[in-house]
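Peer 1: Got upload_18.txt for you, compact mmCIF, C-alpha atoms and all ligand atoms:
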```
# COMPACT_ATOMS: atom_id res chain seq x y z
CA MET A 148 9.28 -15.96 -64.07
CA SER A 149 8.21 -17.06 -67.53
CA SER A 150 8.26 -14.56 -70.39
CA LYS A 151 5.43 -12.04 -70.56
CA LEU A 152 2.19 -13.62 -71.64
CA TYR A 153 0.23 -10.38 -71.63
CA PRO A 154 0.67 -6.94 -73.26
CA THR A 155 3.08 -4.66 -71.39
CA ARG A 156 0.73 -1.68 -71.49
CA LEU A 157 -2.57 -1.62 -69.61
CA PRO A 158 -4.92 1.09 -70.93
CA CYS A 159 -6.69 2.73 -67.97
CA GLY A 160 -9.10 5.30 -69.40
CA ASN A 161 -6.95 8.23 -70.52
CA ARG A 162 -3.83 6.80 -68.84
CA VAL A 163 -1.60 3.81 -69.51
CA LEU A 164 0.11 1.61 -66.94
CA ASP A 165 3.55 0.28 -67.92
CA LEU A 166 3.47 -3.38 -66.93
CA THR A 167 7.16 -3.97 -67.53
CA ARG A 168 7.43 -2.74 -63.93
CA PRO A 169 5.52 -3.82 -60.81
CA HIS A 170 3.11 -1.25 -59.35
CA VAL A 171 1.84 -0.45 -55.87
CA MET A 172 -1.85 0.38 -55.49
CA GLY A 173 -2.65 2.37 -52.34
CA ILE A 174 -5.93 1.62 -50.57
CA LEU A 175 -8.18 4.61 -49.88
CA ASN A 176 -11.29 3.70 -47.95
CA VAL A 177 -14.04 6.29 -47.95
CA THR A 178 -16.42 4.24 -45.84
CA PRO A 179 -17.30 5.31 -42.30
CA ASP A 180 -16.75 1.71 -41.08
CA SER A 181 -13.59 0.48 -42.87
CA PHE A 182 -11.63 -1.64 -40.43
CA SER A 183 -8.04 -0.50 -40.93
CA ASP A 184 -8.61 3.22 -41.33
CA GLY A 185 -11.35 3.37 -38.72
CA GLY A 186 -13.26 5.72 -40.99
CA ARG A 187 -10.83 8.55 -40.33
CA PHE A 188 -10.48 9.49 -44.00
CA ASN A 189 -14.11 9.79 -44.95
CA GLN A 190 -14.06 13.51 -45.45
CA LEU A 191 -12.99 14.84 -48.81
CA ASP A 192 -9.94 16.81 -47.69
CA ARG A 193 -8.68 13.96 -45.54
CA ALA A 194 -9.16 11.55 -48.43
CA LEU A 195 -7.28 13.78 -50.84
CA GLN A 196 -4.48 14.32 -48.33
CA ARG A 197 -4.11 10.58 -47.79
CA ALA A 198 -4.12 9.95 -51.56
CA ALA A 199 -1.43 12.62 -52.04
CA GLU A 200 0.72 10.99 -49.34
CA MET A 201 0.43 7.62 -51.04
CA VAL A 202 1.34 9.08 -54.45
CA GLU A 203 4.30 10.86 -52.83
CA ALA A 204 5.34 7.49 -51.37
CA GLY A 205 5.30 5.91 -54.83
CA ALA A 206 1.81 4.53 -55.38
CA THR A 207 0.94 4.61 -59.08
CA LEU A 208 -2.68 3.59 -58.48
CA ILE A 209 -5.13 4.65 -55.77
CA ASP A 210 -8.03 2.31 -55.06
CA VAL A 211 -11.04 4.33 -53.87
CA GLY A 212 -13.66 2.25 -52.05
CA GLY A 213 -17.03 3.40 -50.76
CA GLU A 214 -18.59 0.05 -49.85
CA SER A 215 -17.05 -2.08 -47.11
CA THR A 216 -16.57 -5.74 -48.11
CA ARG A 217 -15.96 -6.66 -44.48
CA PRO A 218 -18.18 -9.61 -43.48
CA GLY A 219 -21.23 -8.23 -41.70
CA ALA A 220 -20.85 -4.72 -43.14
CA ARG A 221 -24.07 -2.92 -44.02
CA LEU A 222 -24.91 -2.73 -47.72
CA VAL A 223 -24.86 0.84 -48.96
CA THR A 224 -27.31 2.18 -51.54
CA PRO A 225 -25.93 3.18 -54.96
CA THR A 226 -26.70 6.82 -54.15
CA GLU A 227 -24.84 6.67 -50.85
CA GLU A 228 -21.87 4.96 -52.50
CA LEU A 229 -21.81 7.51 -55.31
CA GLU A 230 -21.93 10.40 -52.84
CA ARG A 231 -18.89 8.99 -51.03
CA VAL A 232 -16.83 8.03 -54.07
CA ALA A 233 -17.52 10.61 -56.80
CA PRO A 234 -16.13 13.72 -55.01
CA VAL A 235 -12.96 11.82 -54.10
CA VAL A 236 -12.45 10.55 -57.65
CA GLU A 237 -13.01 14.03 -59.00
CA ALA A 238 -10.55 15.62 -56.56
CA ILE A 239 -7.81 13.03 -57.16
CA ALA A 240 -8.24 13.32 -60.94
CA ARG A 241 -7.86 17.08 -60.66
CA GLU A 242 -4.97 17.18 -58.19
CA LEU A 243 -2.81 14.06 -58.59
CA ASP A 244 -0.82 12.22 -61.25
CA VAL A 245 -2.06 8.68 -60.61
CA VAL A 246 -4.34 5.99 -62.02
CA ILE A 247 -7.61 6.01 -60.08
CA SER A 248 -9.16 2.63 -59.37
CA VAL A 249 -12.70 2.37 -58.03
CA ASP A 250 -13.48 -0.51 -55.70
CA THR A 251 -17.13 -0.95 -56.69
CA SER A 252 -19.71 -3.45 -57.93
CA THR A 253 -22.28 -0.74 -58.70
CA PRO A 254 -22.91 0.14 -62.37
CA ALA A 255 -23.79 3.80 -61.65
CA VAL A 256 -20.56 4.24 -59.69
CA MET A 257 -18.56 2.69 -62.54
CA ARG A 258 -20.09 5.02 -65.11
CA GLU A 259 -19.77 8.20 -63.07
CA SER A 260 -16.22 7.41 -61.90
CA GLY A 261 -15.15 6.79 -65.49
CA ARG A 262 -16.64 10.10 -66.54
CA LEU A 263 -14.74 11.84 -63.73
CA GLY A 264 -11.39 10.35 -64.78
CA ALA A 265 -11.01 6.98 -63.03
CA GLY A 266 -9.11 4.37 -65.06
CA LEU A 267 -9.72 0.97 -63.42
CA ILE A 268 -12.79 -0.84 -62.11
CA ASN A 269 -11.84 -3.04 -59.16
CA ASP A 270 -14.94 -5.17 -58.67
CA VAL A 271 -14.66 -7.95 -56.07
CA ARG A 272 -17.89 -9.37 -57.58
CA SER A 273 -16.31 -9.50 -61.08
CA LEU A 274 -19.17 -7.63 -62.79
CA ARG A 275 -21.88 -10.03 -61.56
CA ARG A 276 -24.36 -7.32 -60.51
CA ASP A 277 -27.12 -6.51 -63.01
CA GLY A 278 -25.88 -4.00 -65.55
CA ALA A 279 -22.24 -4.11 -64.41
CA VAL A 280 -20.79 -5.77 -67.52
CA ASP A 281 -22.45 -3.26 -69.85
CA ALA A 282 -21.45 -0.33 -67.62
CA ALA A 283 -17.84 -1.52 -67.56
CA ALA A 284 -17.79 -2.06 -71.33
CA ASP A 285 -19.18 1.43 -71.98
CA THR A 286 -16.58 3.20 -69.81
CA GLY A 287 -13.50 1.93 -71.64
CA MET A 288 -11.80 1.48 -68.26
CA ALA A 289 -9.51 -1.40 -67.29
CA ILE A 290 -11.22 -4.07 -65.18
CA CYS A 291 -9.91 -6.23 -62.36
CA LEU A 292 -11.74 -9.57 -62.18
CA MET A 293 -11.37 -11.23 -58.77
CA HIS A 294 -12.29 -14.72 -57.60
CA MET A 295 -15.00 -14.86 -54.94
CA ARG A 296 -17.90 -17.27 -54.45
CA GLY A 297 -21.06 -15.83 -52.90
CA GLU A 298 -21.19 -12.45 -51.21
CA PRO A 299 -18.89 -10.97 -48.56
CA SER A 300 -21.67 -11.70 -46.02
CA ASN A 301 -21.71 -15.47 -46.64
CA MET A 302 -18.45 -16.25 -48.48
CA GLN A 303 -16.70 -17.74 -45.44
CA ASN A 304 -19.45 -20.35 -44.80
CA ASP A 305 -17.28 -23.45 -45.14
CA PRO A 306 -15.88 -22.94 -48.66
CA ARG A 307 -14.81 -26.26 -50.25
CA TYR A 308 -13.12 -26.86 -53.58
CA PRO A 309 -11.57 -30.07 -54.89
CA ASP A 310 -8.74 -28.02 -56.39
CA ILE A 311 -8.43 -24.37 -55.43
CA LEU A 312 -6.27 -23.41 -58.42
CA ALA A 313 -8.71 -25.03 -60.88
CA GLU A 314 -11.62 -23.35 -59.08
CA VAL A 315 -10.07 -19.88 -59.36
CA ARG A 316 -8.89 -20.45 -62.92
CA ASP A 317 -12.28 -21.73 -64.13
CA PHE A 318 -14.10 -18.86 -62.43
CA LEU A 319 -11.82 -16.24 -64.01
CA VAL A 320 -12.04 -17.89 -67.44
CA GLU A 321 -15.84 -17.70 -67.23
CA ARG A 322 -15.78 -14.01 -66.22
CA MET A 323 -13.27 -13.26 -69.00
CA ALA A 324 -15.64 -14.89 -71.51
CA VAL A 325 -18.52 -12.75 -70.25
CA CYS A 326 -16.36 -9.65 -70.68
CA GLU A 327 -15.28 -10.69 -74.14
CA ALA A 328 -18.90 -11.28 -75.19
CA ALA A 329 -19.70 -7.72 -74.05
CA GLY A 330 -16.91 -6.32 -76.22
CA ILE A 331 -14.32 -5.72 -73.49
CA PRO A 332 -10.91 -6.43 -75.01
CA ARG A 333 -8.59 -8.87 -73.21
CA GLU A 334 -5.97 -6.09 -73.07
CA ARG A 335 -8.09 -4.26 -70.53
CA ILE A 336 -8.43 -7.13 -68.06
CA VAL A 337 -6.45 -7.75 -64.88
CA LEU A 338 -6.94 -10.95 -62.83
CA ASP A 339 -6.87 -11.42 -59.07
CA PRO A 340 -6.90 -14.72 -57.10
CA GLY A 341 -9.01 -13.00 -54.41
CA PHE A 342 -7.07 -13.87 -51.26
CA GLY A 343 -9.35 -14.02 -48.22
CA PHE A 344 -12.54 -14.19 -50.32
CA ALA A 345 -14.45 -17.47 -49.89
CA LYS A 346 -11.26 -19.31 -48.93
CA THR A 347 -9.90 -21.23 -45.98
CA GLN A 348 -6.37 -20.62 -44.72
CA ALA A 349 -5.20 -23.72 -46.60
CA HIS A 350 -6.84 -22.42 -49.81
CA ASN A 351 -5.11 -19.04 -49.41
CA LEU A 352 -1.68 -20.56 -48.84
CA VAL A 353 -1.87 -23.12 -51.64
CA LEU A 354 -3.29 -20.56 -54.06
CA PHE A 355 -0.51 -18.12 -53.18
CA GLN A 356 2.08 -20.79 -53.82
CA ARG A 357 0.60 -21.66 -57.22
CA MET A 358 -0.61 -18.24 -58.41
CA GLU A 359 1.88 -17.89 -61.28
CA ARG A 360 -0.14 -20.57 -63.07
CA LEU A 361 -2.85 -17.92 -63.53
CA LEU A 362 -0.49 -16.02 -65.86
CA GLU A 363 -1.34 -18.71 -68.42
CA LEU A 364 -4.70 -16.95 -68.84
CA GLY A 365 -2.90 -14.12 -70.61
CA CYS A 366 -3.59 -11.19 -68.28
CA PRO A 367 -1.55 -9.38 -65.64
CA LEU A 368 -2.12 -10.29 -61.99
CA LEU A 369 -3.18 -8.06 -59.11
CA VAL A 370 -2.69 -9.30 -55.55
CA GLY A 371 -4.27 -7.95 -52.38
CA VAL A 372 -3.06 -9.47 -49.12
CA SER A 373 -2.17 -6.38 -47.08
CA ARG A 374 -2.90 -6.92 -43.35
CA LYS A 375 -5.27 -9.78 -44.17
CA SER A 376 -6.23 -12.52 -41.75
CA MET A 377 -4.22 -15.11 -43.71
CA ILE A 378 -1.19 -13.26 -42.28
CA GLY A 379 -2.82 -13.01 -38.88
CA ARG A 380 -3.44 -16.76 -38.84
CA ALA A 381 0.03 -17.72 -40.03
CA LEU A 382 1.86 -15.40 -37.61
CA GLY A 383 -0.59 -14.99 -34.74
CA ARG A 384 -0.65 -11.21 -35.24
CA GLU A 385 -3.44 -8.68 -34.84
CA VAL A 386 -4.26 -6.40 -37.76
CA GLY A 387 -1.95 -3.59 -36.57
CA ASP A 388 1.04 -5.96 -36.43
CA ARG A 389 0.94 -7.46 -39.90
CA LEU A 390 3.33 -5.15 -41.76
CA TYR A 391 6.26 -7.56 -42.06
CA GLY A 392 3.99 -10.41 -43.03
CA SER A 393 2.38 -8.17 -45.65
CA LEU A 394 5.78 -7.16 -47.03
CA ALA A 395 6.90 -10.79 -47.23
CA LEU A 396 3.83 -11.67 -49.28
CA ALA A 397 4.23 -8.55 -51.46
CA ALA A 398 7.80 -9.60 -52.27
CA LEU A 399 6.76 -13.17 -52.98
CA ALA A 400 3.84 -12.06 -55.16
CA VAL A 401 6.08 -9.79 -57.26
CA SER A 402 8.66 -12.54 -57.67
CA LYS A 403 5.85 -14.85 -58.82
CA GLY A 404 4.96 -12.31 -61.52
CA ALA A 405 2.19 -10.19 -59.97
CA ARG A 406 2.21 -6.70 -61.45
CA ILE A 407 -0.07 -4.72 -59.11
CA ILE A 408 0.11 -5.05 -55.32
CA ARG A 409 -2.82 -3.55 -53.38
CA VAL A 410 -1.67 -2.29 -49.97
CA HIS A 411 -2.25 -0.05 -46.98
CA ASP A 412 1.48 0.56 -46.28
CA VAL A 413 2.59 2.18 -49.51
CA ALA A 414 6.07 3.56 -48.69
CA GLU A 415 7.29 0.27 -47.22
CA THR A 416 5.88 -1.82 -50.08
CA VAL A 417 7.31 0.54 -52.72
CA ASP A 418 10.84 -0.07 -51.37
CA VAL A 419 10.30 -3.82 -51.48
CA VAL A 420 8.93 -3.74 -55.01
CA ARG A 421 11.60 -1.36 -56.33
CA MET A 422 14.37 -3.46 -54.85
CA ILE A 423 13.08 -6.60 -56.53
CA ASP A 424 12.66 -4.69 -59.77
CA ALA A 425 16.26 -3.38 -59.56
CA VAL A 426 17.54 -6.93 -59.39
CA GLU A 427 15.22 -8.20 -62.11
CA GLN A 428 16.12 -5.33 -64.48
CA ALA A 429 19.88 -5.60 -63.86
CA LYS A 430 21.91 -6.21 -66.98
CA GLU A 431 25.44 -7.48 -67.16
CA GLU A 432 26.22 -5.06 -70.00
CA GLY A 433 28.75 -2.43 -69.02
CA LEU A 434 30.10 -4.34 -66.06
CA THR A 435 33.81 -5.03 -66.05
CA LEU A 436 34.62 -7.42 -63.30
C1 LIG A 501 -9.10 -7.10 -52.27
C2 LIG A 501 -9.81 -6.11 -52.98
C3 LIG A 501 -10.32 -6.01 -50.87
C4 LIG A 501 -8.26 -7.96 -53.03
C5 LIG A 501 -8.91 -6.72 -54.99
C6 LIG A 501 -9.10 -5.98 -47.69
C7 LIG A 501 -11.47 -4.35 -52.37
C8 LIG A 501 -10.42 -6.44 -48.12
N1 LIG A 501 -9.42 -7.02 -50.96
N2 LIG A 501 -9.72 -5.90 -54.32
N3 LIG A 501 -10.57 -5.44 -52.07
N4 LIG A 501 -8.19 -7.72 -54.38
N5 LIG A 501 -8.78 -6.56 -56.32
O1 LIG A 501 -8.63 -6.58 -46.68
O2 LIG A 501 -7.62 -8.89 -52.54
O3 LIG A 501 -8.47 -5.07 -48.23
S1 LIG A 501 -11.13 -5.48 -49.42
```
Is it possible to give me this structure as C-alpha cells?

Peer 2:
Amino acid sequence: MSSKLYPTRLPCGNRVLDLTRPHVMGILNVTPDSFSDGGRFNQLDRALQRAAEMVEAGATLIDVGGESTRPGARLVTPTEELERVAPVVEAIARELDVVISVDTSTPAVMRESGRLGAGLINDVRSLRRDGAVDAAADTGMAICLMHMRGEPSNMQNDPRYPDILAEVRDFLVERMAVCEAAGIPRERIVLDPGFGFAKTQAHNLVLFQRMERLLELGCPLLVGVSRKSMIGRALGREVGDRLYGSLALAALAVSKGARIIRVHDVAETVDVVRMIDAVEQAKEEGLTL
C-alpha cells in the first residue's frame, strides 16, 4: 500500500482511534426486523451482552443501528429510532471500553447519541437528510460518508454508471465539500465505497478491486461487505454460509488499505486482520539469520 495519506489518529468524540492499525467494527442491530440477527438482540440486556462479546473478541468499534436499511424495510420514526438506540448507546458507554458508532441518518439520533458518548456517525445517506450536516458538525463526532444513490427502497432499480470508481469518488468529494463548508474538519471524516448500495454485482467487484484509489481523497477507508449478497452471488451461498467469503474480502480490503472493517463475525475477522497486521508491522531489525 502507498504511504499514509491521512492522519493516523481519528478523533471519535472523547476517544481516539489509532489508524496505524486496522480495526474491526462489530455490527449491533437493535431493529426488530434486521435480517442476520433476526431481531434477537432488540432488548437492552441482550444488546449489551452481544456488544460485550464483540469487544471481548477484539472489536474496537460497535456499530449500533436502529433503522433497517434492508430494501423494503419499514421507515421508523425518529422517536422510535431514538427509543431503540439511545438506551443501548448509554449502556455501552457506561459498561464497555469501545468506540460507539451509530448507524443513523436522523439528526436527533446523532445529537442524542453524541451526548451519551457515541464517537462516530455512520450514515449510509452521508448526511443528506435535512439538518443532518449541522447535527453532525455540532456533535464533534467522527463521520463515515458512504456512497449510495437514492434510498435503500429504490437504490437497486437498475443502477448505471459510466465509471463506478469515478461515480463513487465524485459523490464522496461532494459530500466532503458539504462537510467542510459546515465546519467539519477533514480529520474527522472516514470514507466508504458503499458495497451493495445502488450497485450491480459488476459494480461491486470492480469497485472492490480499485478501492485503494479512494485513499487519494485523504481519508481513511471503512469497508462493509460482511455476509452481503455480492458474496452470495459470487459463491452461490445463502446468508448463513458466507463466512469464508466475508473473511476473504476482509483480508483483501485490509491489504488494499482499508482501516475499519464492519462485520457480523468479529472473532474470526479479528484473527484475519491481526495476522495481516503482524506481517505488515514486521521489521527485520533484531533478526539474525
Ligand atoms: C454498510 C453500512 C450497512 C456498509 C457502512 C449490511 C449500515 C447492510 N452496510 N454502513 N450499513 N458501510 N458504513 O448488510 O457497507 O450490513 S447495512

Peer 1: Considering all atoms listed in the file, return as a PyMOL selection string whatever protein or nucleic-acid residues lie within 10 Å of range 390-399 of chain A, sequence-local ones (same chain, fewer than 2 positions apart) excluded.

Peer 2: chain A and resi 171+355-356+370-375+377-379+381-382+384+386-388+401-405+407-412+415-423

Peer 1: So which residues are near ligand LIG 501 (chain A), meaning at most 8 Å away with all atoms listed in the file counted, given back as a list in words?

Peer 2: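 Based on all atoms listed in the file, ligand LIG 501 (chain A) is surrounded within 8 Å by Ile174, Asp210, Gly212, Ser215, Thr216, Arg217, Asp250, Thr251, Asn269, Asp270, Val271, Cys291, Leu292, Met293, Asp339, Pro340, Gly341, Phe342, Gly343, Phe344, Leu369, Val370, Gly371, Val372, Ser373, Arg374, Lys375, Arg409 and Val410 of chain A.
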
Peer 1: Counting all atoms listed in the file, what is within 6 Å of Ile247 in chain A, bar same-chain residues fewer than 5 positions away, as a PDB file with C-alpha atoms, in the coordinates of the input?

Peer 2:
```
ATOM      1  CA  LEU A 208      -2.680   3.590 -58.480  1.00  0.00           C
ATOM      2  CA  ILE A 209      -5.130   4.650 -55.770  1.00  0.00           C
ATOM      3  CA  ALA A 265     -11.010   6.980 -63.030  1.00  0.00           C
ATOM      4  CA  GLY A 266      -9.110   4.370 -65.060  1.00  0.00           C
TER       5      GLY A 266
END
```

Peer 1: Restricting the calculation to only C-alpha atoms, which member of A:Ala313, A:Ala324, A:Ala233, A:Met302 is positioned closest to Leu191 in chain A?

Peer 2: A:Ala233

Peer 1: Closest to Phe318 in chain A among A:Arg272, A:Asp305, A:Val249, A:Leu175, using only C-alpha atoms?

Peer 2: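 Once distances to Phe318 in chain A are computed over only C-alpha atoms, the minimum belongs to A:Arg272.
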
Peer 1: Please compute the CA of Asn301 in chain A-CA of Val353 in chain A distance, one decimal, in Å.

Peer 2: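 Going from CA of Asn301 in chain A over to CA of Val353 in chain A covers 21.8 Å.
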
Peer 1: Return the single residue from A:Val426, A:Leu361, A:Met257, A:Thr178 that is closest to Leu152 in chain A, with distances computed using all atoms listed in the file.

Peer 2: A:Leu361

Peer 1: Name the closest residue to Asn351 in chain A among the candidates A:Ala199, A:Val177, A:Ile311, A:Leu364; distances are taken between atoms, counting only C-alpha atoms.

Peer 2: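 When distances to Asn351 in chain A are compared using only C-alpha atoms, the smallest one comes from A:Ile311.
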
Peer 1: Out of A:Gln190, A:Gln428, A:Thr435, A:Gln303, which residue has the shortest atom-to-atom distance to Val235 in chain A when counting all atoms listed in the file?

Peer 2: A:Gln190

Peer 1: Kindly give the distance, in Å, that separates CA of Arg307 in chain A and CA of Ala349 in chain A, rounded to a single decimal.

Peer 2: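 CA of Ala349 in chain A lies 10.6 Å from CA of Arg307 in chain A.
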
Peer 1: Counting all atoms listed in the file, find residues at most 10 Å from (-19.4, 7.8, -53.3) (file frame) and give them as a PyMOL selection string.

Peer 2: chain A and resi 177-178+211-214+223-236+249+251+256+259-260

Peer 1: Could you tell me how far CA of Arg258 in chain A lies from CA of Ala220 in chain A, in Å and to one decimal?

Peer 2: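 Interatomic distance here is 24.0 Å.
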
Peer 1: Could you give me, as a PyMOL selection string, the residues within 12 Å of Pro332 in chain A, counting only C-alpha atoms and dropping anything in the same chain fewer than 3 positions from it?

Peer 2: chain A and resi 154+157-158+283-285+287-290+323-329+335-337+365-366

Peer 1: Within 8 Å of Ala279 in chain A, counting all atoms listed in the file, which residues show up once you throw out same-chain ones fewer than 4 positions away? Write them as a PyMOL selection string, please.

Peer 2: chain A and resi 252-254+257+274-275+283

Peer 1: Kindly indicate which residue among A:Thr286, A:Leu368, A:Thr347, A:Gly278 lies nearest to Leu319 in chain A, using all atoms listed in the file for the distances.

Peer 2: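 Closest to Leu319 in chain A of all the choices is A:Leu368.
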